[in-house]
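The file run.cif comes next; it holds mmCIF, N, CA and C atoms.
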data_entry
loop_
_atom_site.label_atom_id
_atom_site.label_comp_id
_atom_site.auth_asym_id
_atom_site.auth_seq_id
_atom_site.Cartn_x
_atom_site.Cartn_y
_atom_site.Cartn_z
N MET A 3 0.83 -1.17 0.00
CA MET A 3 0.00 0.00 0.00
C MET A 3 0.87 1.24 0.00
N GLY A 4 0.37 2.22 -0.68
CA GLY A 4 1.09 3.49 -0.76
C GLY A 4 0.89 4.33 0.49
N ARG A 5 1.71 5.29 0.60
CA ARG A 5 1.62 6.21 1.71
C ARG A 5 0.54 7.24 1.44
N ARG A 6 -0.25 7.52 2.41
CA ARG A 6 -1.31 8.52 2.23
C ARG A 6 -0.86 9.85 2.83
N TYR A 7 -1.13 10.88 2.08
CA TYR A 7 -0.76 12.22 2.51
C TYR A 7 -2.00 12.97 2.93
N ARG A 8 -2.02 13.43 4.15
CA ARG A 8 -3.16 14.21 4.63
C ARG A 8 -2.65 15.57 5.09
N ARG A 9 -3.27 16.57 4.57
CA ARG A 9 -2.93 17.92 4.97
C ARG A 9 -4.00 18.42 5.92
N LYS A 10 -3.58 19.13 6.94
CA LYS A 10 -4.56 19.75 7.83
C LYS A 10 -5.25 20.87 7.07
N ASN A 11 -6.53 20.94 7.19
CA ASN A 11 -7.28 22.01 6.55
C ASN A 11 -7.40 23.17 7.53
N SER A 12 -6.41 23.99 7.54
CA SER A 12 -6.43 25.16 8.39
C SER A 12 -6.09 26.38 7.55
N LEU A 13 -6.23 27.54 8.15
CA LEU A 13 -5.95 28.77 7.43
C LEU A 13 -4.46 28.88 7.10
N GLY A 14 -3.60 28.28 7.91
CA GLY A 14 -2.17 28.32 7.66
C GLY A 14 -1.74 27.54 6.43
N SER A 15 -2.53 26.55 6.03
CA SER A 15 -2.18 25.77 4.84
C SER A 15 -2.42 26.55 3.56
N VAL A 16 -3.10 27.69 3.65
CA VAL A 16 -3.33 28.53 2.48
C VAL A 16 -2.00 29.07 1.95
N VAL A 17 -1.06 29.34 2.84
CA VAL A 17 0.24 29.87 2.43
C VAL A 17 0.97 28.87 1.54
N ILE A 18 0.96 27.62 1.90
CA ILE A 18 1.61 26.58 1.09
C ILE A 18 0.90 26.45 -0.25
N ASP A 19 -0.42 26.53 -0.26
CA ASP A 19 -1.18 26.45 -1.51
C ASP A 19 -0.86 27.63 -2.42
N VAL A 20 -0.77 28.82 -1.85
CA VAL A 20 -0.42 30.00 -2.63
C VAL A 20 0.99 29.86 -3.19
N ALA A 21 1.91 29.30 -2.41
CA ALA A 21 3.29 29.09 -2.89
C ALA A 21 3.32 28.11 -4.06
N GLN A 22 2.54 27.05 -3.98
CA GLN A 22 2.51 26.08 -5.08
C GLN A 22 1.93 26.68 -6.35
N ILE A 23 0.89 27.47 -6.22
CA ILE A 23 0.27 28.08 -7.39
C ILE A 23 1.14 29.19 -7.96
N ALA A 24 1.68 30.05 -7.09
CA ALA A 24 2.48 31.19 -7.55
C ALA A 24 3.78 30.73 -8.21
N SER A 25 4.30 29.58 -7.84
CA SER A 25 5.55 29.11 -8.44
C SER A 25 5.35 28.71 -9.90
N ARG A 26 4.13 28.46 -10.31
CA ARG A 26 3.86 28.03 -11.69
C ARG A 26 3.36 29.16 -12.59
N LEU A 27 3.12 30.33 -12.02
CA LEU A 27 2.57 31.45 -12.78
C LEU A 27 3.69 32.36 -13.29
N PRO A 28 3.39 33.19 -14.29
CA PRO A 28 4.36 34.22 -14.66
C PRO A 28 4.49 35.25 -13.54
N TRP A 29 5.46 36.12 -13.66
CA TRP A 29 5.76 37.03 -12.56
C TRP A 29 4.57 37.90 -12.19
N TRP A 30 3.84 38.40 -13.18
CA TRP A 30 2.71 39.27 -12.89
C TRP A 30 1.55 38.48 -12.27
N GLY A 31 1.41 37.20 -12.64
CA GLY A 31 0.38 36.37 -12.05
C GLY A 31 0.66 36.05 -10.60
N ALA A 32 1.94 35.81 -10.28
CA ALA A 32 2.32 35.52 -8.89
C ALA A 32 2.11 36.75 -8.01
N LEU A 33 2.45 37.92 -8.53
CA LEU A 33 2.25 39.15 -7.77
C LEU A 33 0.76 39.43 -7.57
N LEU A 34 -0.03 39.21 -8.61
CA LEU A 34 -1.47 39.41 -8.52
C LEU A 34 -2.11 38.41 -7.55
N LEU A 35 -1.66 37.16 -7.60
CA LEU A 35 -2.19 36.15 -6.68
C LEU A 35 -1.88 36.51 -5.23
N GLY A 36 -0.67 36.94 -4.95
CA GLY A 36 -0.31 37.34 -3.59
C GLY A 36 -1.12 38.53 -3.11
N ALA A 37 -1.34 39.51 -3.99
CA ALA A 37 -2.12 40.68 -3.61
C ALA A 37 -3.59 40.33 -3.38
N VAL A 38 -4.15 39.49 -4.25
CA VAL A 38 -5.54 39.09 -4.09
C VAL A 38 -5.73 38.25 -2.83
N ALA A 39 -4.80 37.34 -2.56
CA ALA A 39 -4.90 36.54 -1.35
C ALA A 39 -4.80 37.42 -0.11
N TYR A 40 -3.92 38.42 -0.14
CA TYR A 40 -3.81 39.36 0.98
C TYR A 40 -5.11 40.13 1.18
N LEU A 41 -5.67 40.63 0.08
CA LEU A 41 -6.91 41.40 0.19
C LEU A 41 -8.07 40.55 0.69
N LEU A 42 -8.18 39.33 0.20
CA LEU A 42 -9.29 38.47 0.61
C LEU A 42 -9.16 38.02 2.07
N ILE A 43 -7.96 37.62 2.45
CA ILE A 43 -7.78 37.05 3.78
C ILE A 43 -7.65 38.12 4.85
N ASP A 44 -6.70 39.02 4.68
CA ASP A 44 -6.43 40.00 5.73
C ASP A 44 -7.48 41.09 5.75
N ILE A 45 -7.73 41.71 4.63
CA ILE A 45 -8.66 42.82 4.59
C ILE A 45 -10.11 42.32 4.61
N GLY A 46 -10.41 41.30 3.81
CA GLY A 46 -11.77 40.81 3.71
C GLY A 46 -12.26 40.09 4.96
N ILE A 47 -11.63 38.98 5.28
CA ILE A 47 -12.07 38.18 6.43
C ILE A 47 -11.77 38.91 7.74
N GLY A 48 -10.57 39.48 7.85
CA GLY A 48 -10.21 40.20 9.07
C GLY A 48 -11.09 41.42 9.30
N GLY A 49 -11.38 42.16 8.23
CA GLY A 49 -12.26 43.32 8.36
C GLY A 49 -13.68 42.94 8.72
N TYR A 50 -14.16 41.86 8.13
CA TYR A 50 -15.50 41.38 8.46
C TYR A 50 -15.60 41.00 9.94
N LEU A 51 -14.59 40.29 10.43
CA LEU A 51 -14.60 39.89 11.84
C LEU A 51 -14.48 41.08 12.78
N GLU A 52 -13.69 42.09 12.39
CA GLU A 52 -13.60 43.30 13.21
C GLU A 52 -14.94 44.03 13.25
N GLY A 53 -15.66 44.02 12.14
CA GLY A 53 -16.98 44.62 12.12
C GLY A 53 -17.96 43.87 13.00
N GLN A 54 -17.89 42.55 12.96
CA GLN A 54 -18.75 41.76 13.84
C GLN A 54 -18.40 41.98 15.30
N LEU A 55 -17.13 42.14 15.59
CA LEU A 55 -16.70 42.40 16.96
C LEU A 55 -17.20 43.77 17.43
N ALA A 56 -17.14 44.76 16.57
CA ALA A 56 -17.61 46.09 16.93
C ALA A 56 -19.12 46.10 17.14
N ALA A 57 -19.84 45.26 16.42
CA ALA A 57 -21.29 45.20 16.58
C ALA A 57 -21.70 44.58 17.92
N GLN A 58 -20.83 43.78 18.50
CA GLN A 58 -21.13 43.10 19.76
C GLN A 58 -20.67 43.90 20.98
N GLU A 59 -20.26 45.14 20.79
CA GLU A 59 -19.62 45.89 21.87
C GLU A 59 -20.52 46.10 23.09
N GLY A 60 -21.81 46.24 22.94
CA GLY A 60 -22.67 46.46 24.09
C GLY A 60 -23.21 45.19 24.72
N SER A 61 -22.86 44.04 24.17
CA SER A 61 -23.41 42.78 24.63
C SER A 61 -22.75 42.30 25.92
N HIS A 62 -23.46 41.45 26.63
CA HIS A 62 -22.89 40.85 27.84
C HIS A 62 -21.81 39.81 27.48
N PHE A 63 -21.90 39.28 26.29
CA PHE A 63 -20.94 38.27 25.85
C PHE A 63 -19.74 38.86 25.12
N TYR A 64 -19.58 40.17 25.17
CA TYR A 64 -18.49 40.82 24.44
C TYR A 64 -17.11 40.30 24.81
N PRO A 65 -16.78 40.08 26.09
CA PRO A 65 -15.44 39.57 26.41
C PRO A 65 -15.16 38.19 25.78
N VAL A 66 -16.17 37.34 25.72
CA VAL A 66 -15.99 36.02 25.12
C VAL A 66 -15.79 36.13 23.62
N VAL A 67 -16.63 36.95 23.00
CA VAL A 67 -16.53 37.14 21.55
C VAL A 67 -15.22 37.82 21.20
N GLU A 68 -14.80 38.78 22.01
CA GLU A 68 -13.55 39.48 21.75
C GLU A 68 -12.35 38.53 21.84
N ALA A 69 -12.35 37.67 22.83
CA ALA A 69 -11.24 36.73 22.98
C ALA A 69 -11.14 35.79 21.78
N ARG A 70 -12.27 35.33 21.31
CA ARG A 70 -12.27 34.39 20.18
C ARG A 70 -11.94 35.10 18.87
N TYR A 71 -12.59 36.23 18.62
CA TYR A 71 -12.37 36.93 17.36
C TYR A 71 -10.98 37.56 17.28
N ALA A 72 -10.44 38.01 18.40
CA ALA A 72 -9.11 38.62 18.37
C ALA A 72 -8.07 37.61 17.91
N ARG A 73 -8.20 36.38 18.33
CA ARG A 73 -7.26 35.34 17.90
C ARG A 73 -7.39 35.07 16.41
N ILE A 74 -8.61 34.99 15.92
CA ILE A 74 -8.83 34.72 14.50
C ILE A 74 -8.38 35.91 13.65
N ILE A 75 -8.59 37.13 14.15
CA ILE A 75 -8.16 38.32 13.41
C ILE A 75 -6.65 38.36 13.30
N ARG A 76 -5.94 38.02 14.37
CA ARG A 76 -4.47 37.93 14.31
C ARG A 76 -4.02 36.88 13.32
N LEU A 77 -4.72 35.73 13.28
CA LEU A 77 -4.37 34.66 12.36
C LEU A 77 -4.59 35.09 10.91
N THR A 78 -5.70 35.76 10.62
CA THR A 78 -5.94 36.21 9.25
C THR A 78 -4.92 37.26 8.82
N SER A 79 -4.52 38.11 9.74
CA SER A 79 -3.49 39.10 9.42
C SER A 79 -2.16 38.43 9.11
N TRP A 80 -1.80 37.44 9.91
CA TRP A 80 -0.55 36.72 9.69
C TRP A 80 -0.55 35.98 8.36
N VAL A 81 -1.63 35.27 8.06
CA VAL A 81 -1.71 34.52 6.81
C VAL A 81 -1.75 35.46 5.61
N GLY A 82 -2.44 36.58 5.74
CA GLY A 82 -2.49 37.56 4.65
C GLY A 82 -1.12 38.12 4.33
N HIS A 83 -0.36 38.49 5.36
CA HIS A 83 0.99 39.00 5.13
C HIS A 83 1.90 37.93 4.53
N ALA A 84 1.76 36.70 5.00
CA ALA A 84 2.59 35.62 4.46
C ALA A 84 2.26 35.36 2.99
N CYS A 85 1.00 35.41 2.61
CA CYS A 85 0.62 35.22 1.21
C CYS A 85 1.16 36.34 0.34
N LEU A 86 1.13 37.57 0.85
CA LEU A 86 1.69 38.69 0.11
C LEU A 86 3.19 38.52 -0.09
N LEU A 87 3.89 38.05 0.93
CA LEU A 87 5.33 37.81 0.80
C LEU A 87 5.64 36.70 -0.20
N VAL A 88 4.85 35.64 -0.19
CA VAL A 88 5.04 34.54 -1.14
C VAL A 88 4.83 35.04 -2.57
N GLY A 89 3.76 35.81 -2.77
CA GLY A 89 3.50 36.35 -4.11
C GLY A 89 4.61 37.26 -4.58
N ALA A 90 5.12 38.12 -3.69
CA ALA A 90 6.20 39.02 -4.06
C ALA A 90 7.49 38.25 -4.37
N PHE A 91 7.79 37.22 -3.57
CA PHE A 91 9.00 36.44 -3.82
C PHE A 91 8.93 35.75 -5.17
N PHE A 92 7.83 35.06 -5.45
CA PHE A 92 7.74 34.34 -6.71
C PHE A 92 7.58 35.28 -7.90
N ALA A 93 7.10 36.50 -7.68
CA ALA A 93 7.07 37.47 -8.78
C ALA A 93 8.50 37.83 -9.19
N VAL A 94 9.35 38.09 -8.22
CA VAL A 94 10.75 38.42 -8.52
C VAL A 94 11.48 37.20 -9.07
N ARG A 95 11.27 36.04 -8.45
CA ARG A 95 11.96 34.83 -8.89
C ARG A 95 11.55 34.43 -10.30
N ASN A 96 10.24 34.44 -10.58
CA ASN A 96 9.77 34.02 -11.89
C ASN A 96 10.11 35.03 -12.97
N HIS A 97 10.30 36.29 -12.61
CA HIS A 97 10.71 37.28 -13.60
C HIS A 97 12.13 37.02 -14.07
N PHE A 98 13.01 36.66 -13.16
CA PHE A 98 14.41 36.48 -13.51
C PHE A 98 14.78 35.05 -13.90
N PHE A 99 14.11 34.04 -13.33
CA PHE A 99 14.51 32.66 -13.56
C PHE A 99 13.47 31.80 -14.24
N GLY A 100 12.28 32.28 -14.45
CA GLY A 100 11.23 31.47 -15.07
C GLY A 100 10.42 30.71 -14.03
N ALA A 101 9.25 30.24 -14.45
CA ALA A 101 8.32 29.60 -13.52
C ALA A 101 8.53 28.09 -13.49
N ASN A 102 9.60 27.64 -12.88
CA ASN A 102 9.86 26.20 -12.76
C ASN A 102 10.49 25.87 -11.41
N ALA A 103 9.87 26.29 -10.35
CA ALA A 103 10.40 26.05 -9.00
C ALA A 103 10.18 24.60 -8.59
N GLN A 104 11.14 24.05 -7.86
CA GLN A 104 11.03 22.69 -7.35
C GLN A 104 10.16 22.66 -6.10
N ARG A 105 9.72 21.48 -5.73
CA ARG A 105 8.85 21.32 -4.57
C ARG A 105 9.55 21.74 -3.28
N THR A 106 10.83 21.47 -3.15
CA THR A 106 11.54 21.86 -1.93
C THR A 106 11.62 23.38 -1.82
N GLU A 107 11.82 24.05 -2.93
CA GLU A 107 11.87 25.51 -2.90
C GLU A 107 10.51 26.09 -2.51
N GLN A 108 9.44 25.50 -2.98
CA GLN A 108 8.10 25.95 -2.62
C GLN A 108 7.87 25.81 -1.12
N GLY A 109 8.31 24.67 -0.56
CA GLY A 109 8.14 24.44 0.88
C GLY A 109 8.96 25.40 1.72
N VAL A 110 10.20 25.64 1.29
CA VAL A 110 11.07 26.55 2.04
C VAL A 110 10.51 27.97 2.00
N VAL A 111 10.04 28.39 0.84
CA VAL A 111 9.47 29.73 0.72
C VAL A 111 8.22 29.85 1.59
N GLY A 112 7.40 28.81 1.65
CA GLY A 112 6.21 28.83 2.49
C GLY A 112 6.55 28.98 3.96
N VAL A 113 7.54 28.24 4.42
CA VAL A 113 7.94 28.30 5.83
C VAL A 113 8.55 29.66 6.17
N VAL A 114 9.43 30.16 5.29
CA VAL A 114 10.06 31.46 5.53
C VAL A 114 9.01 32.57 5.52
N ALA A 115 8.05 32.48 4.62
CA ALA A 115 6.98 33.48 4.57
C ALA A 115 6.14 33.46 5.83
N LYS A 116 5.89 32.28 6.37
CA LYS A 116 5.13 32.19 7.62
C LYS A 116 5.90 32.85 8.76
N ILE A 117 7.21 32.62 8.82
CA ILE A 117 8.03 33.21 9.87
C ILE A 117 8.09 34.73 9.72
N LEU A 118 8.33 35.21 8.50
CA LEU A 118 8.39 36.66 8.28
C LEU A 118 7.02 37.30 8.44
N GLY A 119 5.97 36.60 8.11
CA GLY A 119 4.63 37.12 8.31
C GLY A 119 4.34 37.38 9.78
N ARG A 120 4.87 36.55 10.65
CA ARG A 120 4.73 36.77 12.09
C ARG A 120 5.45 38.03 12.53
N ARG A 121 6.63 38.26 11.94
CA ARG A 121 7.43 39.43 12.31
C ARG A 121 6.79 40.71 11.83
N ILE A 122 6.16 40.68 10.66
CA ILE A 122 5.52 41.89 10.12
C ILE A 122 4.31 42.26 10.95
N ASP A 123 3.55 41.25 11.34
CA ASP A 123 2.33 41.51 12.10
C ASP A 123 2.72 41.95 13.48
#
Translate this file's structure into structure tokens.
Amino acid sequence: MGRRYRRKNSLGSVVIDVAQIASRLPWWGALLLGAVAYLLIDIGIGGYLEGQLAAQEGSHFYPVVEARYARIIRLTSWVGHACLLVGAFFAVRNHFFGANAQRTEQGVVGVVAKILGRRID
């Protein structure tokens, strides 16, 4: 029997998916993908959750909602920044070297982007 590969379905796995897709696109496609992923995840989802949090401000359950949403908002900000970094890296790389990155390079870029995304946030 072959080995089965299971990936956790979490928001952090989006960075690896963006790295795999951006490594195969031309430079402008990788940059556009990183920017769109940033806008959707950080601005879109994070902004929506901040709006929901602001709407609950007078509620008795506000501390509970704030604790839960604050963690998710930080996570969306981190993943959004990491996706933007991945898109920018592969835009520069694919412009100068072409869109033929190896799987190990995609993984390393994903991990480095996650680390730098934490530092930016």
List every residue of chain A that DSSP, applied to the backbone of this structure, assigns to helix (DSSP H, G or I), and report them as JSON, numbers by chain.
{"A": [15, 16, 17, 18, 19, 20, 21, 22, 23, 24, 29, 30, 31, 32, 33, 34, 35, 36, 37, 38, 39, 40, 41, 42, 43, 44, 45, 46, 47, 48, 49, 50, 51, 52, 53, 54, 55, 56, 57, 64, 65, 66, 67, 68, 69, 70, 71, 72, 73, 74, 75, 76, 77, 78, 79, 80, 81, 82, 83, 84, 85, 86, 87, 88, 89, 90, 91, 92, 93, 94, 95, 96, 97, 98, 99, 105, 106, 107, 108, 109, 110, 111, 112, 113, 114, 115, 116, 117, 118, 119, 120, 121, 122]}
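What separates atom C of Leu77 in chain A from CA of Val94 in chain A is a distance of 25.0 Å.
As for CA of Gly48 in chain A and CA of Gln22 in chain A, they are spaced 23.7 Å apart.
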Quick one: residues within 10 Å of Val113 in chain A, only C-alpha atoms, excluding same-chain residues fewer than 6 positions away - as a ChimeraX atom specification?
/A:17-18,21,84,88,107,119
Let's have the selection written as an mmCIF file, in the coordinates of the input, with N, CA and C atoms.
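Result file is again_25.cif:
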data_model
loop_
_atom_site.group_PDB
_atom_site.id
_atom_site.type_symbol
_atom_site.label_atom_id
_atom_site.label_comp_id
_atom_site.auth_asym_id
_atom_site.auth_seq_id
_atom_site.Cartn_x
_atom_site.Cartn_y
_atom_site.Cartn_z
ATOM 1 N N VAL A 17 -1.060 29.340 2.840
ATOM 2 C CA VAL A 17 0.240 29.870 2.430
ATOM 3 C C VAL A 17 0.970 28.870 1.540
ATOM 4 N N ILE A 18 0.960 27.620 1.900
ATOM 5 C CA ILE A 18 1.610 26.580 1.090
ATOM 6 C C ILE A 18 0.900 26.450 -0.250
ATOM 7 N N ALA A 21 1.910 29.300 -2.410
ATOM 8 C CA ALA A 21 3.290 29.090 -2.890
ATOM 9 C C ALA A 21 3.320 28.110 -4.060
ATOM 10 N N ALA A 84 1.760 36.700 5.000
ATOM 11 C CA ALA A 84 2.590 35.620 4.460
ATOM 12 C C ALA A 84 2.260 35.360 2.990
ATOM 13 N N VAL A 88 4.850 35.640 -0.190
ATOM 14 C CA VAL A 88 5.040 34.540 -1.140
ATOM 15 C C VAL A 88 4.830 35.040 -2.570
ATOM 16 N N GLU A 107 11.820 24.050 -2.930
ATOM 17 C CA GLU A 107 11.870 25.510 -2.900
ATOM 18 C C GLU A 107 10.510 26.090 -2.510
ATOM 19 N N GLY A 119 5.970 36.600 8.110
ATOM 20 C CA GLY A 119 4.630 37.120 8.310
ATOM 21 C C GLY A 119 4.340 37.380 9.780
#
Got a sec to resolve the PyMOL selection byres ((chain A and resi 79-83) around 6.5) on this structure and send the residues as number ranges by chain?
A: 13-14, 39-41, 43-44, 48, 74-78, 84-88, 115, 118-120, 123
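Residue nearest Arg26 in chain A within the list A:Tyr64, A:Tyr71, A:Phe99, A:Tyr50: A:Phe99 [criterion: smallest interatomic distance, only C-alpha atoms].
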Just want the 6 Å neighbourhood of Pro28 in chain A, counted on all atoms listed in the file, with same-chain residues fewer than 2 positions away dropped. Output as a VMD selection string.
chain A and resid 26 30 to 32 93 96 to 97
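Straight-line separation from atom C of Gln54 in chain A to atom N of Leu42 in chain A: 18.4 Å.
Closest approach to Gln108 in chain A among A:Leu35, A:Gly49, A:Ser25, A:Ser61: A:Ser25, based on all atoms listed in the file.
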Of the residues A:Leu51, A:Ile45, A:Ala72, A:Ala37, which is the one nearest to Ala90 in chain A, using only N, CA and C atoms?
A:Ala37
Please write out, as JSON, where the centre of an axis-aligned box around all listed atoms of range 39-57 of chain A lies and how long its edges are, in Å to one decimal, after adding 6 Å on each side.
{"center_x": -12.8, "center_y": 41.3, "center_z": 7.7, "size_x": 29.9, "size_y": 21.6, "size_z": 32.5}
